file coords-v1.txt (compact mmCIF, C-alpha atoms)
# COMPACT_ATOMS: atom_id res chain seq x y z
CA MET A 123 -3.49 -21.36 16.19
CA LYS A 124 -5.51 -19.65 13.46
CA ALA A 125 -3.68 -17.16 11.24
CA LEU A 126 -4.26 -15.18 8.04
CA ILE A 127 -1.73 -16.46 5.48
CA TYR A 128 -0.61 -14.61 2.36
CA HIS A 129 -0.19 -16.98 -0.60
CA GLY A 130 0.88 -14.47 -3.26
CA PRO A 131 -0.89 -11.56 -4.97
CA GLY A 132 -4.64 -11.82 -4.57
CA LYS A 133 -4.44 -15.04 -2.55
CA GLN A 134 -4.96 -15.44 1.19
CA SER A 135 -6.61 -17.85 3.60
CA LEU A 136 -7.29 -18.35 7.29
CA ASP A 137 -5.34 -21.49 8.17
CA ASP A 138 -4.14 -23.56 11.09
CA HIS A 139 -0.54 -22.60 11.81
CA ALA A 140 2.05 -23.50 14.44
CA LYS A 141 2.17 -21.14 17.40
CA PRO A 142 5.27 -18.92 17.49
CA VAL A 143 8.03 -19.73 19.96
CA ILE A 144 10.87 -17.75 21.51
CA ILE A 145 13.80 -17.66 19.09
CA ALA A 146 16.02 -14.97 20.60
CA PRO A 147 16.34 -13.95 24.27
CA THR A 148 14.91 -10.51 23.40
CA ASP A 149 11.65 -12.00 22.06
CA ALA A 150 8.19 -11.98 23.59
CA ILE A 151 5.16 -14.05 22.59
CA VAL A 152 1.95 -12.03 22.71
CA LYS A 153 -1.59 -13.43 22.69
CA ILE A 154 -3.48 -11.08 20.37
CA SER A 155 -6.74 -9.63 21.61
CA LYS A 156 -7.37 -6.97 18.92
CA THR A 157 -5.78 -6.37 15.53
CA THR A 158 -6.67 -4.60 12.30
CA ILE A 159 -5.96 -4.38 8.58
CA CYS A 160 -3.75 -1.67 7.12
CA GLY A 161 -3.70 -0.15 3.66
CA THR A 162 -0.19 -1.57 3.43
CA ASP A 163 -1.69 -5.05 3.74
CA LEU A 164 -3.76 -4.26 0.64
CA HIS A 165 -0.57 -3.20 -1.14
CA ILE A 166 0.94 -6.58 -0.19
CA MET A 167 -2.12 -8.33 -1.63
CA LYS A 168 -1.61 -6.39 -4.87
CA GLY A 169 2.01 -7.56 -5.06
CA ASP A 170 3.49 -4.12 -4.36
CA VAL A 171 5.70 -5.32 -1.47
CA PRO A 172 8.15 -7.97 -2.77
CA THR A 173 9.80 -8.40 0.64
CA CYS A 174 6.60 -10.13 1.79
CA THR A 175 6.73 -13.64 0.38
CA PRO A 176 4.04 -16.34 0.14
CA GLY A 177 3.46 -18.21 3.38
CA ARG A 178 3.70 -15.10 5.56
CA ILE A 179 1.20 -14.29 8.33
CA LEU A 180 0.11 -10.72 7.63
CA GLY A 181 -0.51 -7.84 10.03
CA HIS A 182 1.63 -5.39 11.98
CA GLU A 183 -0.81 -3.78 14.42
CA GLY A 184 -2.50 -4.92 17.58
CA VAL A 185 -2.82 -5.17 21.32
CA GLY A 186 -2.64 -8.23 23.52
CA VAL A 187 -1.28 -9.93 26.62
CA ILE A 188 2.23 -11.32 26.94
CA GLU A 189 2.32 -15.10 27.25
CA THR A 190 6.08 -15.67 27.52
CA VAL A 191 9.28 -13.63 27.33
CA GLY A 192 12.88 -14.44 26.50
CA ALA A 193 15.62 -14.32 29.10
CA GLY A 194 16.85 -10.98 27.77
CA VAL A 195 13.54 -9.13 28.20
CA SER A 196 13.60 -6.89 31.28
CA ALA A 197 10.77 -4.36 30.82
CA PHE A 198 7.90 -6.84 30.36
CA LYS A 199 6.67 -10.04 31.95
CA PRO A 200 3.96 -12.63 31.26
CA GLY A 201 0.50 -11.21 31.87
CA ASP A 202 1.39 -7.64 30.87
CA HIS A 203 -1.17 -5.89 28.69
CA VAL A 204 0.73 -4.37 25.75
CA LEU A 205 0.47 -2.27 22.62
CA ILE A 206 2.42 -3.70 19.70
CA SER A 207 4.42 -1.26 17.62
CA CYS A 208 4.43 -1.83 13.87
CA ILE A 209 8.19 -1.21 13.99
CA SER A 210 10.66 -3.53 15.72
CA ALA A 211 13.82 -1.82 16.97
CA CYS A 212 17.02 -3.33 18.34
CA GLY A 213 17.94 0.01 19.95
CA ARG A 214 21.65 -0.49 19.27
CA CYS A 215 22.40 -0.15 15.55
CA ALA A 216 23.45 3.12 13.90
CA TYR A 217 19.93 3.85 12.66
CA CYS A 218 18.29 3.15 16.02
CA ARG A 219 20.79 5.49 17.67
CA LYS A 220 19.49 8.20 15.32
CA SER A 221 15.88 7.28 16.25
CA MET A 222 15.35 5.95 12.72
CA TYR A 223 13.84 2.74 14.03
CA SER A 224 12.17 1.95 10.71
CA HIS A 225 15.66 1.35 9.29
CA CYS A 226 16.91 -0.81 12.16
CA THR A 227 19.43 -3.15 10.54
CA THR A 228 17.84 -6.25 12.09
CA GLY A 229 14.33 -4.91 12.66
CA GLY A 230 12.27 -2.09 11.20
CA TRP A 231 8.98 -2.94 9.53
CA ILE A 232 9.35 -6.70 9.66
CA LEU A 233 6.06 -7.78 11.27
CA GLY A 234 3.74 -9.13 8.60
CA ASN A 235 6.44 -8.41 6.04
CA SER A 236 9.62 -10.43 6.47
CA ILE A 237 8.47 -12.24 9.64
CA ASP A 238 5.04 -13.46 10.72
CA GLY A 239 2.65 -10.79 11.89
CA THR A 240 -0.33 -10.01 14.10
CA GLN A 241 -3.36 -11.26 12.15
CA ALA A 242 -3.29 -14.43 14.22
CA GLU A 243 -4.00 -15.64 17.72
CA PHE A 244 -0.36 -15.27 18.78
CA VAL A 245 2.66 -13.34 17.50
CA ARG A 246 6.38 -13.28 18.24
CA ILE A 247 7.69 -9.77 18.89
CA PRO A 248 11.45 -9.31 18.43
CA TYR A 249 13.25 -6.76 20.61
CA ALA A 250 10.29 -6.69 22.95
CA ASP A 251 11.74 -4.08 25.32
CA ASN A 252 11.89 -1.55 22.47
CA SER A 253 8.88 -2.71 20.45
CA LEU A 254 6.06 -2.99 23.00
CA TYR A 255 4.34 -0.43 25.23
CA HIS A 256 2.61 -0.99 28.54
CA ILE A 257 -1.14 -0.34 28.44
CA PRO A 258 -2.56 1.40 31.51
CA ALA A 259 -5.44 -0.24 33.34
CA GLY A 260 -8.82 0.65 31.90
CA ALA A 261 -7.49 1.87 28.55
CA ASP A 262 -9.62 1.26 25.48
CA GLU A 263 -8.03 -1.50 23.43
CA GLU A 264 -9.71 -0.50 20.18
CA ALA A 265 -8.46 3.07 20.43
CA LEU A 266 -4.96 1.81 21.19
CA VAL A 267 -4.86 -0.35 18.06
CA MET A 268 -4.85 2.93 16.12
CA LEU A 269 -1.54 3.78 17.85
CA SER A 270 0.24 0.69 16.52
CA ASP A 271 0.72 2.31 13.11
CA ILE A 272 -1.88 4.63 11.65
CA LEU A 273 -1.67 7.59 14.03
CA PRO A 274 2.14 7.71 14.33
CA THR A 275 2.40 7.21 10.55
CA GLY A 276 0.02 10.05 9.73
CA PHE A 277 1.73 12.27 12.29
CA GLU A 278 5.39 11.50 11.56
CA CYS A 279 5.31 10.97 7.80
CA GLY A 280 2.67 13.58 7.06
CA VAL A 281 2.50 16.26 9.75
CA LEU A 282 6.07 16.34 11.05
CA ASN A 283 7.74 15.73 7.68
CA GLY A 284 5.30 18.19 6.11
CA ARG A 285 6.37 20.92 8.55
CA VAL A 286 2.78 21.83 9.39
CA GLN A 287 2.81 25.17 11.21
CA PRO A 288 0.29 27.45 12.94
CA GLY A 289 -1.55 29.42 10.29
CA SER A 290 -0.33 27.28 7.38
CA VAL A 291 -2.43 25.81 4.57
CA VAL A 292 -2.42 22.04 4.32
CA ALA A 293 -3.86 19.74 1.65
CA ILE A 294 -4.21 16.03 2.35
CA VAL A 295 -4.62 14.05 -0.84
CA GLY A 296 -6.39 10.84 0.11
CA GLY A 297 -9.21 10.67 2.65
CA GLY A 298 -8.69 7.06 3.70
CA PRO A 299 -7.67 6.04 7.22
CA ILE A 300 -4.08 7.28 6.92
CA GLY A 301 -5.17 10.61 5.47
CA LEU A 302 -7.70 11.01 8.26
CA ALA A 303 -5.01 10.17 10.83
CA ALA A 304 -2.89 12.97 9.34
CA LEU A 305 -5.94 15.25 9.54
CA LEU A 306 -6.51 14.50 13.23
CA THR A 307 -2.87 15.03 14.20
CA ALA A 308 -2.29 18.07 11.96
CA GLN A 309 -4.66 19.94 14.23
CA PHE A 310 -2.06 19.76 17.02
CA TYR A 311 -0.33 22.64 15.17
CA ALA A 312 -3.35 24.85 14.43
CA PRO A 313 -3.01 25.25 10.64
CA ALA A 314 -5.33 27.89 9.22
CA GLU A 315 -6.77 25.56 6.59
CA ILE A 316 -6.83 21.81 6.03
CA ILE A 317 -8.16 20.79 2.61
CA MET A 318 -9.07 17.13 2.17
CA VAL A 319 -9.00 15.75 -1.40
CA ASP A 320 -10.62 12.46 -2.36
CA LEU A 321 -12.91 10.80 -4.89
CA ASP A 322 -15.36 9.56 -2.26
CA ASP A 323 -17.99 12.01 -1.00
CA ASN A 324 -18.57 9.85 2.09
CA ARG A 325 -14.94 10.16 3.12
CA LEU A 326 -14.98 13.87 2.41
CA GLU A 327 -18.00 14.25 4.68
CA ILE A 328 -16.18 12.33 7.41
CA ALA A 329 -13.16 14.60 6.92
CA LYS A 330 -15.37 17.63 7.58
CA ARG A 331 -16.54 16.06 10.84
CA PHE A 332 -12.90 15.33 11.75
CA GLY A 333 -11.84 18.96 11.29
CA ALA A 334 -11.16 19.62 7.59
CA THR A 335 -11.93 23.23 6.76
CA ALA A 336 -12.67 22.40 3.11
CA THR A 337 -13.04 19.36 0.88
CA VAL A 338 -12.44 18.79 -2.82
CA ASN A 339 -13.79 15.87 -4.84
CA SER A 340 -11.12 15.29 -7.48
CA GLY A 341 -13.35 13.15 -9.66
CA ASP A 342 -14.08 16.01 -12.05
CA GLY A 343 -10.38 16.42 -12.94
CA LYS A 344 -10.40 20.01 -11.71
CA ALA A 345 -8.86 19.59 -8.27
CA VAL A 346 -5.78 21.66 -9.14
CA GLU A 347 -7.84 24.57 -10.42
CA THR A 348 -10.15 24.37 -7.40
CA ILE A 349 -7.33 24.35 -4.85
CA MET A 350 -5.40 27.12 -6.60
CA GLY A 351 -8.60 29.15 -6.60
CA MET A 352 -9.08 28.52 -2.87
CA THR A 353 -5.53 29.73 -2.17
CA ALA A 354 -5.58 32.84 -4.41
CA GLY A 355 -3.28 31.10 -6.89
CA ARG A 356 -0.53 30.46 -4.37
CA GLY A 357 -0.97 26.77 -3.56
CA VAL A 358 -0.60 24.98 -0.24
CA ASP A 359 2.25 25.10 2.24
CA THR A 360 2.05 21.35 2.87
CA ALA A 361 0.74 18.74 0.44
CA ILE A 362 0.43 15.32 2.09
CA GLU A 363 0.23 12.38 -0.32
CA ALA A 364 -1.74 9.63 1.43
CA VAL A 365 -2.69 7.24 -1.39
CA GLY A 366 0.39 5.88 -3.16
CA ILE A 367 -0.44 6.17 -6.86
CA PRO A 368 1.10 8.37 -9.58
CA ALA A 369 -1.97 10.58 -10.04
CA THR A 370 -2.13 11.67 -6.41
CA PHE A 371 1.59 12.38 -6.12
CA GLU A 372 1.49 14.44 -9.31
CA LEU A 373 -1.49 16.34 -7.92
CA CYS A 374 0.64 17.25 -4.90
CA GLU A 375 3.38 18.49 -7.25
CA ARG A 376 0.90 20.81 -8.94
CA ILE A 377 -0.68 22.33 -5.82
CA VAL A 378 2.37 22.91 -3.61
CA ALA A 379 3.31 26.56 -3.06
CA PRO A 380 6.80 28.02 -3.37
CA ASP A 381 8.82 27.02 -0.27
CA GLY A 382 6.24 24.32 0.36
CA VAL A 383 6.62 20.65 1.30
CA ILE A 384 5.32 17.51 -0.39
CA ALA A 385 5.19 14.89 2.36
CA ASN A 386 4.74 11.41 0.98
CA ILE A 387 2.99 8.79 3.10
CA GLY A 388 1.59 6.52 0.38
CA VAL A 389 3.13 3.13 -0.46
CA HIS A 390 4.12 3.37 -4.13
CA GLY A 391 4.26 0.21 -6.20
CA THR A 392 4.82 1.89 -9.59
CA LYS A 393 6.99 4.75 -10.79
CA VAL A 394 5.92 8.36 -10.40
CA ASP A 395 7.01 11.22 -12.66
CA LEU A 396 8.91 14.03 -10.96
CA HIS A 397 8.07 17.23 -12.82
CA LEU A 398 11.23 19.21 -12.20
CA GLU A 399 10.35 21.34 -15.22
CA HIS A 400 7.73 22.91 -12.93
CA LEU A 401 9.43 22.55 -9.55
CA TRP A 402 13.12 23.34 -10.13
CA ASP A 403 12.83 27.01 -9.13
CA ARG A 404 10.14 26.80 -6.42
CA ASN A 405 12.18 25.92 -3.29
CA VAL A 406 10.04 22.82 -2.80
CA THR A 407 11.00 20.07 -0.37
CA ILE A 408 9.91 16.47 -1.03
CA THR A 409 10.03 14.09 1.93
CA THR A 410 9.71 10.33 2.13
CA ARG A 411 9.62 8.24 5.26
CA LEU A 412 8.57 5.00 6.87
CA VAL A 413 7.12 5.55 10.31
CA ASP A 414 9.66 5.28 13.13
CA THR A 415 7.05 5.33 15.95
CA VAL A 416 9.18 7.82 17.91
CA SER A 417 5.93 9.70 18.56
CA THR A 418 4.08 6.75 20.13
CA PRO A 419 4.80 7.73 23.78
CA MET A 420 3.55 11.26 23.09
CA LEU A 421 0.44 9.95 21.34
CA LEU A 422 -0.25 7.62 24.26
CA ASN A 423 -0.18 10.64 26.57
CA VAL A 424 -2.47 12.61 24.25
CA LEU A 425 -4.88 9.68 24.12
CA ARG A 426 -4.75 9.24 27.90
CA ALA A 427 -5.60 12.94 28.30
CA ASN A 428 -8.61 12.55 25.94
CA LYS A 429 -7.17 15.14 23.56
CA ILE A 430 -7.70 12.88 20.55
CA ASP A 431 -10.26 10.18 19.81
CA PRO A 432 -8.85 7.62 17.37
CA LYS A 433 -11.91 5.38 17.82
CA ARG A 434 -13.64 7.70 15.37
CA LEU A 435 -11.62 5.94 12.66
CA ILE A 436 -13.21 2.54 13.43
CA THR A 437 -16.25 1.61 11.36
CA HIS A 438 -16.46 -2.20 11.37
CA HIS A 439 -15.87 -5.09 13.77
CA PHE A 440 -15.09 -8.74 12.97
CA GLU A 441 -13.95 -11.91 14.69
CA LEU A 442 -10.72 -13.54 13.54
CA ASP A 443 -12.65 -16.30 11.76
CA GLN A 444 -14.29 -13.53 9.67
CA ILE A 445 -11.00 -11.98 8.56
CA ILE A 446 -11.47 -12.82 4.86
CA GLU A 447 -14.76 -10.95 5.00
CA ALA A 448 -12.97 -8.13 6.83
CA TYR A 449 -10.41 -7.87 4.00
CA ASP A 450 -13.21 -7.75 1.45
CA THR A 451 -14.99 -5.01 3.41
CA PHE A 452 -11.80 -2.99 3.90
CA GLY A 453 -10.68 -3.48 0.32
CA HIS A 454 -14.01 -2.23 -1.08
CA ALA A 455 -14.26 0.85 1.11
CA ALA A 456 -16.08 2.93 -1.51
CA LYS A 457 -18.96 0.47 -1.28
CA SER A 458 -18.74 -0.51 2.39
CA HIS A 459 -17.76 2.95 3.71
CA ALA A 460 -15.08 1.21 5.79
CA LEU A 461 -12.30 3.14 7.46
CA LYS A 462 -10.52 0.99 10.05
CA VAL A 463 -11.78 -2.46 10.99
CA ILE A 464 -11.21 -4.12 14.35
CA ILE A 465 -10.61 -7.85 14.41
CA THR A 466 -11.03 -9.65 17.73
CA ALA A 467 -8.81 -12.67 18.11
call {"tool": "encode", "arguments": {"input": "coords-v1.txt", "output": "structure tokens"}}
result
Amino acid sequence: MKALIYHGPGKQSLDDHAKPVIIAPTDAIVKISKTTICGTDLHIMKGDVPTCTPGRILGHEGVGVIETVGAGVSAFKPGDHVLISCISACGRCAYCRKSMYSHCTTGGWILGNSIDGTQAEFVRIPYADNSLYHIPAGADEEALVMLSDILPTGFECGVLNGRVQPGSVVAIVGGGPIGLAALLTAQFYAPAEIIMVDLDDNRLEIAKRFGATATVNSGDGKAVETIMGMTAGRGVDTAIEAVGIPATFELCERIVAPDGVIANIGVHGTKVDLHLEHLWDRNVTITTRLVDTVSTPMLLNVLRANKIDPKRLITHHFELDQIIEAYDTFGHAAKSHALKVIITA
């Protein structure tokens, strides 16, 4: 089969690779029909994720059709149309029993990280019964790809961890795909204001169309003053960090209101300064999290009811043999105006 192989920081290629086979009785082999590229994949390419070693097939999102299943798989059979979760969960360990599937002792975020992933023609899915979802007939595959990772991540790590409430003021720092996913799902809770912060005017304009009540271009270095002015000097109830660099996290520290929450989504590859000299007396909560995908069934229902349209996040389409071009397009989003790309295998 063809697969996108990571060869170390800054190095990747589309190569011939052996098809995956059943290793454990709980495995399923899925023929990929649609996949995508995640910001986390770009962090891997930068060398920020040491658990992903050279030789790995990247990717942790996608939809497809089951080709074969192990003897221990009971909920799925060959021919089933399935959504692949970015998180693999055994369902039995202490973390899974607490619904912290991202910390499953033998699973978690392993696809495209510590085991081969979905940017290929076929993928092996461990713990298939807990890590796949049936797709209803007639469902839009491209919309469903957004439910593999980006929507549950924005919702769980940003909105739920950020304790977004009706009438609250929310700032999302980072208008890329994950920030926009947080923007779409934050509206489930009717906050009074959602302020999107980014350096890219195109993404800020998209954020307005997606429901942001205000936007701030932080390129002038005055984002803190602007946001404090917009909130009468109080700050925001929830500051969602959706980039993963020191400057954006420190911006969240400076704009959060007393009794507010800083909800980190970004993948951080370098240290960030925690300014307790400013925060020690402000009753601020800081949350970190890897998506657990506990919200995926709910999001499937919301999508099925046409209450959210994740296809709005998709800007570009490629075939698998164009995946290097897709990475270049996605990695230069300021120039290409890319949000999410769909790759057809």
call {"tool": "residues_around", "arguments": {"input": "coords-v1.txt", "residues": "range 316-322 of chain A", "least_positions_apart": "6", "cutoff": "6 Å", "atoms": "only C-alpha atoms", "output": "list in words"}}
result
Val292, Ala293, Ile294, Val295, Gly296, Gly297, Ala334, Thr335, Ala336, Thr337, Val338, Asn339, Ser340 and Gly341 of chain A
call {"tool": "residues_around", "arguments": {"input": "coords-v1.txt", "residues": "Lys141 in chain A", "least_positions_apart": "2", "cutoff": "8 Å", "atoms": "all atoms listed in the file", "output": "count of residues only"}}
result
5
call {"tool": "closest_atom_pairs", "arguments": {"input": "coords-v1.txt", "of": "range 129-183 of chain A", "to": "range 425-445 of chain A", "cutoff": "10 Å", "atoms": "all atoms listed in the file", "output": "Markdown table"}}
result
| residue | atom | partner | partner_atom | distance |
| --- | --- | --- | --- | --- |
| A:Ser135 | CA | A:Ile445 | CA | 8.9 |
| A:Leu136 | CA | A:Asp443 | CA | 7.3 |
| A:Asp137 | CA | A:Asp443 | CA | 9.7 |
| A:Ser155 | CA | A:Leu442 | CA | 9.8 |
| A:Lys156 | CA | A:Leu442 | CA | 9.1 |
| A:Thr157 | CA | A:Leu442 | CA | 8.9 |
| A:Thr158 | CA | A:His439 | CA | 9.3 |
| A:Ile159 | CA | A:Ile445 | CA | 9.1 |
call {"tool": "closest_residue", "arguments": {"input": "coords-v1.txt", "among": "A:Phe198, A:Val152, A:Lys124, A:Asp163", "to": "Phe452 in chain A", "atoms": "all atoms listed in the file"}}
result
A:Asp163
call {"tool": "atom_distance", "arguments": {"input": "coords-v1.txt", "atom1": "CA of Ile367 in chain A", "atom2": "CA of His390 in chain A"}}
result
6.0 Å
call {"tool": "atom_distance", "arguments": {"input": "coords-v1.txt", "atom1": "CA of Ala261 in chain A", "atom2": "CA of Val424 in chain A"}}
result
12.6 Å
call {"tool": "residues_around", "arguments": {"input": "coords-v1.txt", "residues": "Lys220 in chain A", "least_positions_apart": "5", "cutoff": "12 Å", "atoms": "all atoms listed in the file", "output": "PDB file with C-alpha atoms, keeping the file's coordinate frame"}}
result
ATOM      1  CA  ALA A 211      13.820  -1.820  16.970  1.00  0.00           C
ATOM      2  CA  GLY A 213      17.940   0.010  19.950  1.00  0.00           C
ATOM      3  CA  ARG A 214      21.650  -0.490  19.270  1.00  0.00           C
ATOM      4  CA  CYS A 215      22.400  -0.150  15.550  1.00  0.00           C
ATOM      5  CA  HIS A 225      15.660   1.350   9.290  1.00  0.00           C
ATOM      6  CA  CYS A 226      16.910  -0.810  12.160  1.00  0.00           C
ATOM      7  CA  ASP A 414       9.660   5.280  13.130  1.00  0.00           C
ATOM      8  CA  VAL A 416       9.180   7.820  17.910  1.00  0.00           C
TER       9      VAL A 416
END
call {"tool": "closest_residue", "arguments": {"input": "coords-v1.txt", "among": "A:Ile127, A:Leu412, A:Leu205, A:Ile464", "to": "Tyr223 in chain A", "atoms": "all atoms listed in the file"}}
result
A:Leu412
call {"tool": "residues_around", "arguments": {"input": "coords-v1.txt", "residues": "Lys153 in chain A", "least_positions_apart": "3", "cutoff": "12 Å", "atoms": "only C-alpha atoms", "output": "VMD selection string"}}
result
chain A and resid 123 to 124 141 to 143 150 156 to 157 184 to 191 200 to 206 239 to 247 466 to 467
call {"tool": "residues_near_point", "arguments": {"input": "coords-v1.txt", "point": "(-7.4, 9.7, 9.6)", "cutoff": "9 Å", "atoms": "all atoms listed in the file", "output": "PyMOL selection string"}}
result
chain A and resi 272-273+276+297-307+329+332+432+434-435+461
call {"tool": "atom_distance", "arguments": {"input": "coords-v1.txt", "atom1": "CA of His182 in chain A", "atom2": "CA of Leu254 in chain A"}}
result
12.1 Å
call {"tool": "residues_around", "arguments": {"input": "coords-v1.txt", "residues": "Ala197 in chain A", "least_positions_apart": "4", "cutoff": "9 Å", "atoms": "only C-alpha atoms", "output": "VMD selection string"}}
result
chain A and resid 250 to 252
call {"tool": "closest_residue", "arguments": {"input": "coords-v1.txt", "among": "A:Arg376, A:Leu401, A:Gln134, A:Asn386", "to": "Glu278 in chain A", "atoms": "only C-alpha atoms"}}
result
A:Asn386
call {"tool": "closest_residue", "arguments": {"input": "coords-v1.txt", "among": "A:Gly382, A:Ala312, A:Leu373, A:Ile145", "to": "Gly343 in chain A", "atoms": "only C-alpha atoms"}}
result
A:Leu373
call {"tool": "closest_residue", "arguments": {"input": "coords-v1.txt", "among": "A:Lys168, A:Arg411, A:Lys344, A:His256", "to": "Ala385 in chain A", "atoms": "all atoms listed in the file"}}
result
A:Arg411
call {"tool": "closest_residue", "arguments": {"input": "coords-v1.txt", "among": "A:Leu266, A:Ile377, A:Val171, A:Ile384", "to": "Leu421 in chain A", "atoms": "all atoms listed in the file"}}
result
A:Leu266
call {"tool": "build_atoms", "arguments": {"input": "coords-v1.txt", "residues": "range 201-208 of chain A", "atoms": "all heavy atoms", "output": "mmCIF file, in the frame of the given file"}}
result
data_model
loop_
_atom_site.group_PDB
_atom_site.id
_atom_site.type_symbol
_atom_site.label_atom_id
_atom_site.label_comp_id
_atom_site.auth_asym_id
_atom_site.auth_seq_id
_atom_site.Cartn_x
_atom_site.Cartn_y
_atom_site.Cartn_z
ATOM 1 N N GLY A 201 1.686 -11.826 31.288
ATOM 2 C CA GLY A 201 0.500 -11.210 31.870
ATOM 3 C C GLY A 201 0.378 -9.731 31.611
ATOM 4 O O GLY A 201 -0.703 -9.153 31.826
ATOM 5 N N ASP A 202 1.459 -9.079 31.148
ATOM 6 C CA ASP A 202 1.390 -7.640 30.870
ATOM 7 C C ASP A 202 0.507 -7.374 29.651
ATOM 8 O O ASP A 202 0.593 -8.072 28.631
ATOM 9 C CB ASP A 202 2.788 -7.068 30.609
ATOM 10 C CG ASP A 202 3.590 -6.873 31.880
ATOM 11 O OD1 ASP A 202 3.013 -6.994 32.979
ATOM 12 O OD2 ASP A 202 4.808 -6.599 31.776
ATOM 13 N N HIS A 203 -0.309 -6.352 29.773
ATOM 14 C CA HIS A 203 -1.170 -5.890 28.690
ATOM 15 C C HIS A 203 -0.368 -4.897 27.854
ATOM 16 O O HIS A 203 0.142 -3.906 28.385
ATOM 17 C CB HIS A 203 -2.402 -5.212 29.291
ATOM 18 C CG HIS A 203 -3.550 -5.064 28.368
ATOM 19 N ND1 HIS A 203 -4.621 -4.231 28.642
ATOM 20 C CD2 HIS A 203 -3.833 -5.627 27.155
ATOM 21 C CE1 HIS A 203 -5.496 -4.304 27.652
ATOM 22 N NE2 HIS A 203 -5.037 -5.125 26.746
ATOM 23 N N VAL A 204 -0.230 -5.151 26.536
ATOM 24 C CA VAL A 204 0.730 -4.370 25.750
ATOM 25 C C VAL A 204 0.145 -3.911 24.419
ATOM 26 O O VAL A 204 -0.721 -4.563 23.823
ATOM 27 C CB VAL A 204 2.016 -5.182 25.471
ATOM 28 C CG1 VAL A 204 2.798 -5.396 26.760
ATOM 29 C CG2 VAL A 204 1.710 -6.503 24.785
ATOM 30 N N LEU A 205 0.660 -2.775 23.980
ATOM 31 C CA LEU A 205 0.470 -2.270 22.620
ATOM 32 C C LEU A 205 1.652 -2.704 21.788
ATOM 33 O O LEU A 205 2.807 -2.565 22.208
ATOM 34 C CB LEU A 205 0.386 -0.735 22.649
ATOM 35 C CG LEU A 205 0.486 0.002 21.308
ATOM 36 C CD1 LEU A 205 -0.723 -0.275 20.433
ATOM 37 C CD2 LEU A 205 0.659 1.504 21.538
ATOM 38 N N ILE A 206 1.369 -3.247 20.608
ATOM 39 C CA ILE A 206 2.420 -3.700 19.700
ATOM 40 C C ILE A 206 2.738 -2.600 18.711
ATOM 41 O O ILE A 206 1.847 -2.102 18.031
ATOM 42 C CB ILE A 206 1.961 -4.974 18.950
ATOM 43 C CG1 ILE A 206 1.703 -6.112 19.929
ATOM 44 C CG2 ILE A 206 3.002 -5.381 17.907
ATOM 45 C CD1 ILE A 206 0.953 -7.278 19.318
ATOM 46 N N SER A 207 3.996 -2.218 18.629
ATOM 47 C CA SER A 207 4.420 -1.260 17.620
ATOM 48 C C SER A 207 4.573 -1.961 16.277
ATOM 49 O O SER A 207 5.027 -3.110 16.213
ATOM 50 C CB SER A 207 5.747 -0.613 18.009
ATOM 51 O OG SER A 207 6.233 0.210 16.964
ATOM 52 N N CYS A 208 4.226 -1.258 15.205
ATOM 53 C CA CYS A 208 4.430 -1.830 13.870
ATOM 54 C C CYS A 208 5.902 -1.912 13.497
ATOM 55 O O CYS A 208 6.259 -2.590 12.536
ATOM 56 C CB CYS A 208 3.674 -1.010 12.822
ATOM 57 S SG CYS A 208 4.258 0.701 12.645
#
